[in-house]
$ cat model-v9.txt   # compact mmCIF, C-alpha atoms
# COMPACT_ATOMS: atom_id res chain seq x y z
CA MET A 1 204.66 207.66 130.90
CA SER A 2 203.36 210.46 133.08
CA PRO A 3 204.06 211.04 136.79
CA ILE A 4 201.65 209.21 139.06
CA GLY A 5 201.10 210.19 142.66
CA PHE A 6 199.91 213.77 142.87
CA GLU A 7 196.80 213.72 140.66
CA LYS A 8 193.33 212.28 141.25
CA HIS A 9 192.56 208.93 139.60
CA ASP A 10 190.28 205.89 139.86
CA HIS A 11 191.99 204.20 142.81
CA THR A 12 189.84 201.06 142.65
CA HIS A 13 190.83 200.52 139.01
CA CYS A 14 194.47 201.28 139.90
CA ILE A 15 194.52 198.51 142.53
CA ALA A 16 192.68 195.94 140.41
CA SER A 17 194.88 196.61 137.39
CA ALA A 18 198.14 196.31 139.35
CA LEU A 19 197.02 193.08 141.02
CA GLN A 20 196.06 191.63 137.65
CA VAL A 21 199.48 192.52 136.22
CA ALA A 22 201.20 190.89 139.21
CA GLU A 23 199.11 187.72 138.94
CA THR A 24 199.68 187.45 135.18
CA THR A 25 203.41 188.17 135.47
CA CYS A 26 203.88 185.60 138.23
CA SER A 27 201.93 183.00 136.29
CA GLU A 28 203.92 183.62 133.10
CA GLN A 29 207.26 183.51 134.94
CA GLY A 30 206.36 180.48 137.05
CA ILE A 31 206.83 182.33 140.33
CA GLN A 32 204.47 182.33 143.29
CA LEU A 33 202.45 185.28 144.46
CA THR A 34 201.91 183.73 147.89
CA PRO A 35 199.12 185.03 150.14
CA ALA A 36 201.62 187.08 152.21
CA ARG A 37 203.20 188.57 149.06
CA ARG A 38 199.81 189.36 147.57
CA ARG A 39 198.57 190.93 150.80
CA THR A 40 201.74 193.02 151.11
CA PHE A 41 201.22 194.30 147.57
CA GLU A 42 197.53 194.99 148.29
CA ILE A 43 198.47 196.98 151.41
CA LEU A 44 200.89 199.18 149.47
CA LEU A 45 198.36 199.63 146.65
CA GLN A 46 195.51 200.49 149.04
CA GLU A 47 197.56 202.95 151.08
CA HIS A 48 198.96 204.53 147.89
CA ARG A 49 201.93 205.97 149.77
CA ALA A 50 205.41 204.99 150.89
CA MET A 51 205.37 202.72 153.93
CA GLY A 52 208.12 201.33 156.14
CA ALA A 53 208.50 197.58 156.54
CA TYR A 54 207.27 197.64 160.14
CA GLU A 55 204.17 199.58 159.13
CA VAL A 56 203.49 196.97 156.46
CA LEU A 57 204.07 194.28 159.09
CA GLU A 58 201.39 195.86 161.33
CA HIS A 59 198.88 195.55 158.47
CA LEU A 60 199.98 191.97 157.75
CA ARG A 61 199.60 191.09 161.42
CA ALA A 62 196.09 192.59 161.49
CA SER A 63 195.07 190.45 158.51
CA GLY A 64 196.53 187.23 159.97
CA HIS A 65 199.63 186.90 157.79
CA GLY A 66 202.27 186.69 160.51
CA SER A 67 203.82 188.96 163.05
CA GLN A 68 207.55 188.43 162.58
CA PRO A 69 209.64 190.95 160.58
CA PRO A 70 210.94 188.32 158.13
CA VAL A 71 207.37 187.88 156.84
CA ALA A 72 207.24 191.51 155.67
CA TYR A 73 210.87 191.69 154.54
CA ARG A 74 210.65 188.51 152.44
CA ALA A 75 207.44 189.68 150.79
CA LEU A 76 208.87 193.15 150.12
CA ASP A 77 212.13 191.69 148.74
CA PHE A 78 210.15 189.50 146.34
CA LEU A 79 207.93 192.39 145.23
CA VAL A 80 210.92 194.69 144.67
CA LYS A 81 212.89 191.99 142.82
CA HIS A 82 210.02 191.44 140.39
CA GLY A 83 209.26 195.13 139.85
CA PHE A 84 205.91 195.37 141.61
CA VAL A 85 207.23 197.60 144.39
CA HIS A 86 210.00 200.20 144.64
CA ARG A 87 212.19 201.03 147.61
CA ILE A 88 212.39 204.73 148.44
CA GLU A 89 215.90 205.13 149.87
CA ARG A 90 215.32 208.62 151.29
CA LEU A 91 212.36 207.45 153.37
CA ASN A 92 213.58 203.90 154.04
CA ALA A 93 210.18 202.83 152.77
CA PHE A 94 208.41 201.00 149.97
CA ILE A 95 205.78 202.05 147.46
CA ALA A 96 203.74 200.10 144.94
CA CYS A 97 205.01 200.59 141.40
CA ALA A 98 202.82 202.95 139.38
CA HIS A 99 203.65 201.02 136.19
CA PRO A 100 203.94 197.34 137.17
CA GLY A 101 204.86 195.06 134.32
CA GLU A 102 206.60 197.82 132.37
CA ARG A 103 210.38 198.01 132.14
CA HIS A 104 211.16 201.54 133.23
CA ALA A 105 213.55 203.72 135.19
CA PRO A 106 211.50 205.71 137.68
CA CYS A 107 212.45 208.68 139.71
CA PHE A 108 210.60 209.63 142.84
CA LEU A 109 209.35 213.10 143.69
CA ILE A 110 209.06 213.28 147.47
CA CYS A 111 207.14 216.08 149.17
CA ARG A 112 209.23 217.25 152.14
CA ASN A 113 206.07 218.51 153.84
CA CYS A 114 203.48 215.70 153.56
CA GLU A 115 205.82 212.91 152.31
CA THR A 116 203.57 212.12 149.35
CA VAL A 117 205.59 210.32 146.71
CA ALA A 118 205.01 210.46 142.96
CA GLU A 119 206.68 208.14 140.47
CA ALA A 120 207.89 209.85 137.32
CA PRO A 121 209.91 208.66 134.31
CA ALA A 122 213.67 209.03 134.70
CA ARG A 123 215.07 207.20 131.69
CA PRO A 124 216.81 210.29 130.18
CA ALA A 125 218.51 211.12 133.49
CA ALA A 126 219.50 207.50 134.13
CA ASP A 127 220.89 207.19 130.59
CA ALA A 128 222.89 210.42 130.97
CA LEU A 129 224.32 209.16 134.26
CA SER A 130 225.30 205.84 132.67
CA VAL A 131 227.10 207.63 129.83
CA SER A 132 228.93 209.91 132.25
CA ALA A 133 229.89 206.96 134.45
CA ALA A 134 231.07 204.95 131.42
CA ASP A 135 233.39 207.83 130.50
CA MET A 136 235.07 207.20 133.86
CA GLY A 137 235.18 203.43 133.37
CA PHE A 138 232.30 202.80 135.77
CA LYS A 139 229.44 200.44 134.87
CA VAL A 140 226.16 201.52 136.44
CA GLU A 141 224.06 198.58 137.63
CA ARG A 142 221.26 200.39 139.42
CA VAL A 143 220.09 203.98 139.57
CA ALA A 144 217.80 205.45 142.23
CA ILE A 145 216.76 209.02 141.55
CA GLU A 146 214.88 210.78 144.31
CA ALA A 147 214.02 214.48 144.33
CA GLU A 148 212.73 216.32 147.37
CA GLY A 149 210.49 219.38 147.19
CA LEU A 150 206.84 220.36 147.57
CA CYS A 151 203.88 218.57 145.97
CA PRO A 152 201.19 220.63 144.20
CA ALA A 153 198.88 220.55 147.24
CA CYS A 154 201.59 221.77 149.62
CA VAL A 155 202.71 224.46 147.15
CA GLU A 156 199.10 225.66 146.97
CA THR A 157 198.75 225.64 150.78
CA ALA A 158 202.01 227.58 151.20
CA ALA A 159 200.97 230.25 148.69

$ encode --input "model-v9.txt" --output "structure tokens"
Amino acid sequence: MSPIGFEKHDHTHCIASALQVAETTCSEQGIQLTPARRRTFEILLQEHRAMGAYEVLEHLRASGHGSQPPVAYRALDFLVKHGFVHRIERLNAFIACAHPGERHAPCFLICRNCETVAEAPARPAADALSVSAADMGFKVERVAIEAEGLCPACVETAA
């Protein structure tokens, strides 16, 4: 699994593929991808960046899916719970999962200059943390790894 977020790719295919995974997963698990949930996921996929809940709500409002904060928060909670979206703690924002449908432990590389976020594999780091925590009698239930620095474009601009 390679980092996704800083390189060029076929964005149309990216969106269609993620939506198909979400639809298939929901169908297989007997859960509903309601119009508001689907539209929230589409917004995050189309924007391809981390967005706050109120920014998502503005887009939902513009497309006729409600104007009250619970609309966005419920949709985001559902999408996070089912692995279609990740919450970026550092930015208090949400981003569409780069690998929906895959069980994985992502880490997020956050550009401190342009706030672009890339999702990268973090399984080795998460496993090492779990082992270290277990040595102290602590059971890790969730790991959120976020690294701040400069993305390739900002590094190039600064040089």

$ closest_residue --input "model-v9.txt" --among "A:Cys97, A:Ala72, A:Val117, A:Met51" --to "A:Val21" --atoms "only C-alpha atoms"
A:Cys97

$ residues_around --input "model-v9.txt" --residues "A:Arg90" --least-positions-apart "2" --cutoff "10 Å" --atoms "all atoms listed in the file" --output "PyMOL selection string"
chain A and resi 87-88+92-93+108+110+144-148

$ closest_atom_pairs --input "model-v9.txt" --of "stretch 39-117 of chain A" --to "stretch 124-128 of chain A" --cutoff "12 Å" --atoms "all atoms listed in the file" --output "CSV"
residue,atom,partner,partner_atom,distance
A:His104,CA,A:Ala126,CA,10.3
A:Ala105,CA,A:Ala126,CA,7.1
A:Pro106,CA,A:Ala126,CA,8.9
A:Cys107,CA,A:Ala125,CA,9.0

$ residues_around --input "model-v9.txt" --residues "A:Thr40" --least-positions-apart "4" --cutoff "12 Å" --atoms "all atoms listed in the file" --output "short mmCIF file (atom, residue, chain, number, x, y, z; two decimals) with C-alpha atoms, in the frame of the given file"
data_model
loop_
_atom_site.label_atom_id
_atom_site.label_comp_id
_atom_site.auth_asym_id
_atom_site.auth_seq_id
_atom_site.Cartn_x
_atom_site.Cartn_y
_atom_site.Cartn_z
CA LEU A 19 197.02 193.08 141.02
CA LEU A 33 202.45 185.28 144.46
CA THR A 34 201.91 183.73 147.89
CA PRO A 35 199.12 185.03 150.14
CA ALA A 36 201.62 187.08 152.21
CA LEU A 44 200.89 199.18 149.47
CA LEU A 45 198.36 199.63 146.65
CA GLN A 46 195.51 200.49 149.04
CA GLU A 47 197.56 202.95 151.08
CA MET A 51 205.37 202.72 153.93
CA GLY A 52 208.12 201.33 156.14
CA ALA A 53 208.50 197.58 156.54
CA TYR A 54 207.27 197.64 160.14
CA GLU A 55 204.17 199.58 159.13
CA VAL A 56 203.49 196.97 156.46
CA LEU A 57 204.07 194.28 159.09
CA GLU A 58 201.39 195.86 161.33
CA HIS A 59 198.88 195.55 158.47
CA LEU A 60 199.98 191.97 157.75
CA ARG A 61 199.60 191.09 161.42
CA ALA A 62 196.09 192.59 161.49
CA SER A 63 195.07 190.45 158.51
CA GLY A 64 196.53 187.23 159.97
CA HIS A 65 199.63 186.90 157.79
CA GLY A 66 202.27 186.69 160.51
CA VAL A 71 207.37 187.88 156.84
CA ALA A 72 207.24 191.51 155.67
CA TYR A 73 210.87 191.69 154.54
CA ARG A 74 210.65 188.51 152.44
CA ALA A 75 207.44 189.68 150.79
CA LEU A 76 208.87 193.15 150.12
CA ASP A 77 212.13 191.69 148.74
CA PHE A 78 210.15 189.50 146.34
CA LEU A 79 207.93 192.39 145.23
CA VAL A 80 210.92 194.69 144.67
CA PHE A 84 205.91 195.37 141.61
CA VAL A 85 207.23 197.60 144.39
CA PHE A 94 208.41 201.00 149.97
CA ILE A 95 205.78 202.05 147.46
CA ALA A 96 203.74 200.10 144.94
#

$ atom_distance --input "model-v9.txt" --atom1 "atom CA of A:Cys151" --atom2 "atom CA of A:Cys114"
8.1 Å

$ atom_distance --input "model-v9.txt" --atom1 "atom CA of A:Ser130" --atom2 "atom CA of A:Arg142"
9.6 Å

$ atom_distance --input "model-v9.txt" --atom1 "atom CA of A:Asn113" --atom2 "atom CA of A:Leu91"
12.7 Å

$ closest_residue --input "model-v9.txt" --among "A:Thr116, A:Thr24, A:Ser17, A:Ser132" --to "A:Arg49" --atoms "all atoms listed in the file"
A:Thr116

$ residues_around --input "model-v9.txt" --residues "A:Ile31" --least-positions-apart "5" --cutoff "10 Å" --atoms "all atoms listed in the file" --output "PyMOL selection string"
chain A and resi 23+25-26+78+82

$ closest_residue --input "model-v9.txt" --among "A:Lys139, A:Arg38, A:Arg103, A:Arg123" --to "A:Gly83" --atoms "all atoms listed in the file"
A:Arg103
